[in-house]
$ cat start.cif   # mmCIF, C-alpha atoms
data_final
#
loop_
_atom_site.group_PDB
_atom_site.id
_atom_site.type_symbol
_atom_site.label_atom_id
_atom_site.label_comp_id
_atom_site.auth_asym_id
_atom_site.auth_seq_id
_atom_site.Cartn_x
_atom_site.Cartn_y
_atom_site.Cartn_z
ATOM 1 C CA MET F 1 -38.590 -40.390 -11.809
ATOM 2 C CA ALA F 2 -41.055 -40.709 -14.678
ATOM 3 C CA ALA F 3 -43.022 -43.257 -12.660
ATOM 4 C CA ALA F 4 -43.193 -40.858 -9.737
ATOM 5 C CA ALA F 5 -44.410 -38.057 -11.978
ATOM 6 C CA ALA F 6 -47.002 -40.367 -13.544
ATOM 7 C CA SER F 7 -48.205 -41.473 -10.129
ATOM 8 C CA LEU F 8 -48.758 -37.842 -9.125
ATOM 9 C CA ASN F 9 -50.972 -37.242 -12.138
ATOM 10 C CA GLU F 10 -53.155 -40.295 -11.536
ATOM 11 C CA PRO F 11 -56.303 -39.431 -9.599
ATOM 12 C CA ASN F 12 -56.717 -42.917 -8.061
ATOM 13 C CA SER F 13 -53.213 -43.307 -6.631
ATOM 14 C CA GLU F 14 -52.606 -44.125 -2.997
ATOM 15 C CA PRO F 15 -51.526 -41.282 -0.595
ATOM 16 C CA GLY F 16 -48.263 -43.086 0.291
ATOM 17 C CA GLU F 17 -47.258 -43.239 -3.357
ATOM 18 C CA GLU F 18 -47.678 -39.463 -3.730
ATOM 19 C CA PHE F 19 -45.463 -38.887 -0.716
ATOM 20 C CA GLU F 20 -42.749 -41.142 -2.128
ATOM 21 C CA GLY F 21 -42.867 -39.323 -5.476
ATOM 22 C CA MET F 22 -42.568 -35.937 -3.774
ATOM 23 C CA GLN F 23 -39.779 -37.173 -1.583
ATOM 24 C CA THR F 24 -37.828 -38.439 -4.605
ATOM 25 C CA ARG F 25 -38.286 -35.127 -6.415
ATOM 26 C CA GLU F 26 -37.194 -33.090 -3.371
ATOM 27 C CA ILE F 27 -34.076 -35.209 -2.947
ATOM 28 C CA ALA F 28 -33.199 -34.746 -6.625
ATOM 29 C CA LEU F 29 -33.690 -30.964 -6.359
ATOM 30 C CA GLY F 30 -31.570 -30.861 -3.182
ATOM 31 C CA ILE F 31 -28.736 -32.740 -4.863
ATOM 32 C CA ALA F 32 -28.921 -30.417 -7.885
ATOM 33 C CA ALA F 33 -28.834 -27.323 -5.636
ATOM 34 C CA ALA F 34 -25.851 -28.691 -3.669
ATOM 35 C CA THR F 35 -24.038 -29.396 -6.954
ATOM 36 C CA VAL F 36 -24.593 -25.826 -8.151
ATOM 37 C CA ILE F 37 -23.349 -24.395 -4.823
ATOM 38 C CA VAL F 38 -20.218 -26.565 -4.845
ATOM 39 C CA ALA F 39 -19.494 -25.682 -8.489
ATOM 40 C CA GLY F 40 -19.886 -21.972 -7.709
ATOM 41 C CA GLY F 41 -17.513 -22.282 -4.765
ATOM 42 C CA LEU F 42 -14.923 -24.023 -6.922
ATOM 43 C CA VAL F 43 -15.155 -21.261 -9.527
ATOM 44 C CA LEU F 44 -14.625 -18.610 -6.835
ATOM 45 C CA LEU F 45 -11.653 -20.504 -5.434
ATOM 46 C CA ALA F 46 -10.127 -20.806 -8.892
ATOM 47 C CA ARG F 47 -10.409 -17.038 -9.401
ATOM 48 C CA ALA F 48 -8.985 -16.116 -5.978
ATOM 49 C CA PRO F 49 -5.562 -14.423 -5.987
ATOM 50 C CA SER F 50 -2.696 -16.747 -5.237
ATOM 51 C CA ASP F 51 -0.069 -16.159 -2.539
ATOM 52 C CA GLU F 52 2.528 -18.010 -4.575
ATOM 53 C CA PRO F 53 4.815 -15.890 -6.780
ATOM 54 C CA PRO F 54 4.418 -16.467 -10.500
ATOM 55 C CA TYR F 55 6.778 -19.016 -11.977
ATOM 56 C CA VAL F 56 9.498 -17.465 -14.106
ATOM 57 C CA THR F 57 11.373 -19.623 -16.540
ATOM 58 C CA PRO F 58 15.122 -19.398 -15.986
ATOM 59 C CA SER F 59 17.138 -17.879 -18.780
ATOM 60 C CA ASN F 60 20.532 -19.115 -19.924
ATOM 61 C CA GLU F 61 21.536 -15.654 -21.140
ATOM 62 C CA PRO F 62 24.395 -14.046 -19.209
ATOM 63 C CA LEU F 63 23.552 -11.087 -17.027
ATOM 64 C CA THR F 64 25.339 -7.920 -18.042
ATOM 65 C CA ILE F 65 25.429 -4.728 -16.054
ATOM 66 C CA ALA F 66 26.789 -1.533 -17.506
ATOM 67 C CA VAL F 67 28.817 0.489 -15.023
ATOM 68 C CA SER F 68 30.386 3.796 -15.855
ATOM 69 C CA ASP F 69 32.111 6.452 -13.778
ATOM 70 C CA ALA F 70 31.369 9.089 -16.363
ATOM 71 C CA PRO F 71 28.217 11.112 -15.745
ATOM 72 C CA ALA F 72 25.317 10.449 -18.058
ATOM 73 C CA PRO F 73 25.152 12.925 -20.913
ATOM 74 C CA ARG F 74 22.498 15.537 -20.374
ATOM 75 C CA ALA F 75 20.487 17.126 -23.069
ATOM 76 C CA ALA F 76 20.766 20.858 -23.485
ATOM 77 C CA PRO F 77 18.330 22.594 -21.133
ATOM 78 C CA ASP F 78 15.166 23.843 -22.740
ATOM 79 C CA PRO F 79 14.886 27.574 -21.974
ATOM 80 C CA HIS F 80 11.090 27.420 -22.165
ATOM 81 C CA ARG F 81 10.895 24.654 -19.553
ATOM 82 C CA ASP F 82 13.407 26.408 -17.321
ATOM 83 C CA ALA F 83 11.326 29.568 -17.575
ATOM 84 C CA LEU F 84 8.253 27.630 -16.433
ATOM 85 C CA SER F 85 10.009 26.237 -13.369
ATOM 86 C CA VAL F 86 11.564 29.597 -12.469
ATOM 87 C CA ALA F 87 8.170 31.285 -12.792
ATOM 88 C CA LYS F 88 6.572 28.667 -10.493
ATOM 89 C CA ILE F 89 9.363 29.064 -7.894
ATOM 90 C CA ARG F 90 8.892 32.840 -7.932
ATOM 91 C CA GLU F 91 5.129 32.372 -7.569
ATOM 92 C CA LEU F 92 5.572 30.054 -4.555
ATOM 93 C CA GLU F 93 8.060 32.413 -2.889
ATOM 94 C CA ALA F 94 5.691 35.355 -3.370
ATOM 95 C CA MET F 95 2.794 33.524 -1.667
ATOM 96 C CA SER F 96 1.979 33.944 1.993
ATOM 97 C CA GLU F 97 3.118 31.071 4.201
ATOM 98 C CA THR F 98 -0.463 29.905 4.789
ATOM 99 C CA PHE F 99 -1.351 29.917 1.091
ATOM 100 C CA ARG F 100 1.922 28.148 0.139
ATOM 101 C CA ASN F 101 1.364 25.476 2.814
ATOM 102 C CA THR F 102 -2.193 24.931 1.568
ATOM 103 C CA THR F 103 -0.813 24.571 -1.961
ATOM 104 C CA PHE F 104 1.656 21.935 -0.710
ATOM 105 C CA VAL F 105 -1.083 19.983 1.128
ATOM 106 C CA ILE F 106 -3.198 19.948 -2.036
ATOM 107 C CA ALA F 107 -0.202 18.772 -4.102
ATOM 108 C CA ILE F 108 0.590 16.002 -1.576
ATOM 109 C CA ARG F 109 -2.990 14.752 -1.572
ATOM 110 C CA ASP F 110 -3.296 14.984 -5.367
ATOM 111 C CA ALA F 111 -0.164 12.829 -5.629
ATOM 112 C CA GLY F 112 -2.013 10.128 -3.648
ATOM 113 C CA TYR F 113 -0.247 10.524 -0.303
ATOM 114 C CA VAL F 114 -1.702 11.115 3.162
ATOM 115 C CA CYS F 115 -1.341 14.427 4.979
ATOM 116 C CA ASN F 116 -4.176 15.305 7.326
ATOM 117 C CA GLU F 117 -2.390 18.259 8.899
ATOM 118 C CA LEU F 118 0.738 20.033 7.719
ATOM 119 C CA LEU F 119 2.943 20.755 10.717
ATOM 120 C CA ARG F 120 6.002 22.366 9.203
ATOM 121 C CA VAL F 121 7.475 23.376 5.863
ATOM 122 C CA TYR F 122 11.080 24.336 5.379
ATOM 123 C CA GLY F 123 13.310 24.832 2.375
ATOM 124 C CA GLY F 124 13.043 26.897 -0.769
ATOM 125 C CA ILE F 125 16.321 28.633 0.052
ATOM 126 C CA ASP F 126 18.244 30.386 -2.741
ATOM 127 C CA ASP F 127 15.671 29.560 -5.417
ATOM 128 C CA SER F 128 16.302 25.833 -4.931
ATOM 129 C CA GLY F 129 12.705 24.949 -5.712
ATOM 130 C CA LYS F 130 12.650 22.199 -3.051
ATOM 131 C CA TRP F 131 10.744 22.168 0.204
ATOM 132 C CA THR F 132 10.291 19.552 2.918
ATOM 133 C CA ALA F 133 6.759 19.222 4.272
ATOM 134 C CA SER F 134 6.202 17.396 7.581
ATOM 135 C CA CYS F 135 2.735 16.079 8.318
ATOM 136 C CA SER F 136 1.053 15.050 11.567
ATOM 137 C CA GLU F 137 1.246 11.296 10.829
ATOM 138 C CA MET F 138 5.071 11.217 11.120
ATOM 139 C CA LEU F 139 5.185 11.521 7.323
ATOM 140 C CA SER F 140 7.408 13.860 5.345
ATOM 141 C CA TYR F 141 7.461 14.715 1.698
ATOM 142 C CA THR F 142 9.824 16.562 -0.609
ATOM 143 C CA VAL F 143 7.902 19.033 -2.728
ATOM 144 C CA SER F 144 9.871 20.284 -5.706
ATOM 145 C CA VAL F 145 9.159 22.207 -8.863
ATOM 146 C CA ALA F 146 9.544 20.138 -12.032
ATOM 147 C CA SER F 147 10.952 21.634 -15.207
ATOM 148 C CA THR F 148 7.393 21.879 -16.545
ATOM 149 C CA GLY F 149 6.371 24.129 -13.660
ATOM 150 C CA THR F 150 4.319 21.501 -11.849
ATOM 151 C CA LEU F 151 4.824 20.409 -8.260
ATOM 152 C CA ARG F 152 6.413 16.983 -7.832
ATOM 153 C CA VAL F 153 5.881 15.187 -4.498
ATOM 154 C CA GLU F 154 8.141 12.381 -3.254
ATOM 155 C CA PRO F 155 7.848 10.647 0.134
ATOM 156 C CA MET F 156 10.794 10.829 2.533
ATOM 157 C CA LEU F 157 11.921 8.289 5.076
ATOM 158 C CA GLN F 158 11.394 9.708 8.517
ATOM 159 C CA TYR F 159 13.775 8.888 11.329
ATOM 160 C CA PHE F 160 11.894 7.713 14.383
ATOM 161 C CA ASP F 161 13.666 6.849 17.590
ATOM 162 C CA GLY F 162 10.981 4.553 18.935
ATOM 163 C CA LEU F 163 10.432 3.389 22.424
ATOM 164 C CA SER F 164 13.167 1.053 23.498
ATOM 165 C CA PRO F 165 12.413 -2.167 25.335
ATOM 166 C CA ARG F 166 12.717 -2.226 29.098
ATOM 167 C CA VAL F 167 16.202 -2.955 30.375
ATOM 168 C CA ILE F 168 16.390 -6.371 31.987
ATOM 169 C CA GLN F 169 18.018 -6.367 35.402
ATOM 170 C CA GLN F 170 20.891 -8.774 35.826
ATOM 171 C CA PHE F 171 20.407 -9.109 39.609
ATOM 172 C CA ASP F 172 17.580 -9.630 42.092
ATOM 173 C CA ASP F 173 15.800 -6.705 43.718
ATOM 174 C CA ASN F 174 17.445 -7.584 47.086
ATOM 175 C CA ASP F 175 20.943 -7.670 45.660
ATOM 176 C CA VAL F 176 22.861 -4.461 45.360
ATOM 177 C CA PRO F 177 25.209 -4.216 42.403
ATOM 178 C CA ALA F 178 28.870 -3.957 43.224
ATOM 179 C CA PRO F 179 30.321 -0.473 42.817
ATOM 180 C CA PRO F 180 32.778 -0.015 39.976
ATOM 181 C CA PRO F 181 36.416 -0.623 40.925
ATOM 182 C CA ARG F 182 38.374 2.461 41.938
ATOM 183 C CA ARG F 183 41.638 3.380 40.394
ATOM 184 C CA GLN F 184 44.521 3.707 42.708
ATOM 185 C CA PRO F 185 46.272 7.056 42.641
ATOM 186 C CA ARG F 186 49.774 7.068 41.194
#

$ encode --input "start.cif" --output "structure tokens"
Amino acid sequence: MAAAAASLNEPNSEPGEEFEGMQTREIALGIAAATVIVAGGLVLLARAPSDEPPYVTPSNEPLTIAVSDAPAPRAAPDPHRDALSVAKIRELEAMSETFRNTTFVIAIRDAGYVCNELLRVYGGIDDSGKWTASCSEMLSYTVSVASTGTLRVEPMLQYFDGLSPRVIQQFDDNDVPAPPPRRQPR
């Protein structure tokens, strides 16, 4: 390479020698560029997320599950928190239907769920503080008032009786199925 560079600097060198020096330099630059591209690709592949689940080392500790029929002890209700939730329920019941539905759509979207159009809201009976909101995308959400007075949104599973597959005929189109047997009178 040094000889090729020296031959380029000499004023009395032959034209063929200059071409060979340039050709050698271009090949070296091409190999260097290809090496950089391959190395960059390998780095990107190494950083790509893996489809394999992470390996978990097995534990020799026994698995214990606590099961109890007794209800979990509840802390004494905080009257201040209960007052906040009761005040929010009263506020929602006092709203017009349109304003309450708009409030529910905003709460659903703020919770990170999708609801482009609210079709129906039902619930809130007997100060329960729970409503079911059905949206246009076959999505439903339970909107309830938390003890802090905020609206809590939880998605619901929607029952959908989808289209059933076509019934396969057991006979040809020319065949007529036999009528069901008749019972003889007694």

$ axis_aligned_box --input "start.cif" --around "region 131-141 of chain F" --padding-each-side "5 Å" --output "lines of an AutoDock Vina configuration file"
center_x = 5.9
center_y = 16.7
center_z = 5.9
size_x = 19.7
size_y = 21.0
size_z = 21.4

$ residues_around --input "start.cif" --residues "Asn101 (chain F)" --least-positions-apart "3" --cutoff "9 Å" --atoms "all atoms listed in the file" --output "number ranges by chain"
F: 96-98, 104-106, 118, 120-121, 133

$ atom_distance --input "start.cif" --atom1 "CA of Val114 (chain F)" --atom2 "CA of Glu137 (chain F)"
8.2 Å

$ residues_around --input "start.cif" --residues "Ser128 (chain F)" --least-positions-apart "5" --cutoff "9 Å" --atoms "only C-alpha atoms" --output "PyMOL selection string"
chain F and resi 89+123+144-145

$ atom_distance --input "start.cif" --atom1 "CA of Arg90 (chain F)" --atom2 "CA of Ile125 (chain F)"
11.7 Å

$ resolve_selection --input "start.cif" --expression "the PyMOL selection byres ((chain F and resi 109) around 12)" --output "short mmCIF file (atom, residue, chain, number, x, y, z; two decimals) with C-alpha atoms, in the frame of the given file"
data_model
loop_
_atom_site.label_atom_id
_atom_site.label_comp_id
_atom_site.auth_asym_id
_atom_site.auth_seq_id
_atom_site.Cartn_x
_atom_site.Cartn_y
_atom_site.Cartn_z
CA THR F 102 -2.19 24.93 1.57
CA THR F 103 -0.81 24.57 -1.96
CA PHE F 104 1.66 21.94 -0.71
CA VAL F 105 -1.08 19.98 1.13
CA ILE F 106 -3.20 19.95 -2.04
CA ALA F 107 -0.20 18.77 -4.10
CA ILE F 108 0.59 16.00 -1.58
CA ASP F 110 -3.30 14.98 -5.37
CA ALA F 111 -0.16 12.83 -5.63
CA GLY F 112 -2.01 10.13 -3.65
CA TYR F 113 -0.25 10.52 -0.30
CA VAL F 114 -1.70 11.12 3.16
CA CYS F 115 -1.34 14.43 4.98
CA ASN F 116 -4.18 15.30 7.33
CA GLU F 117 -2.39 18.26 8.90
CA LEU F 118 0.74 20.03 7.72
CA CYS F 135 2.74 16.08 8.32
CA TYR F 141 7.46 14.72 1.70
CA VAL F 143 7.90 19.03 -2.73
CA LEU F 151 4.82 20.41 -8.26
CA ARG F 152 6.41 16.98 -7.83
CA VAL F 153 5.88 15.19 -4.50
CA GLU F 154 8.14 12.38 -3.25
CA PRO F 155 7.85 10.65 0.13
#

$ atom_distance --input "start.cif" --atom1 "CA of Met156 (chain F)" --atom2 "CA of Leu139 (chain F)"
7.4 Å

$ resolve_selection --input "start.cif" --expression "the PyMOL selection byres ((chain F and resi 131) around 6)" --output "VMD selection string"
chain F and resid 122 to 124 130 132 142 to 143
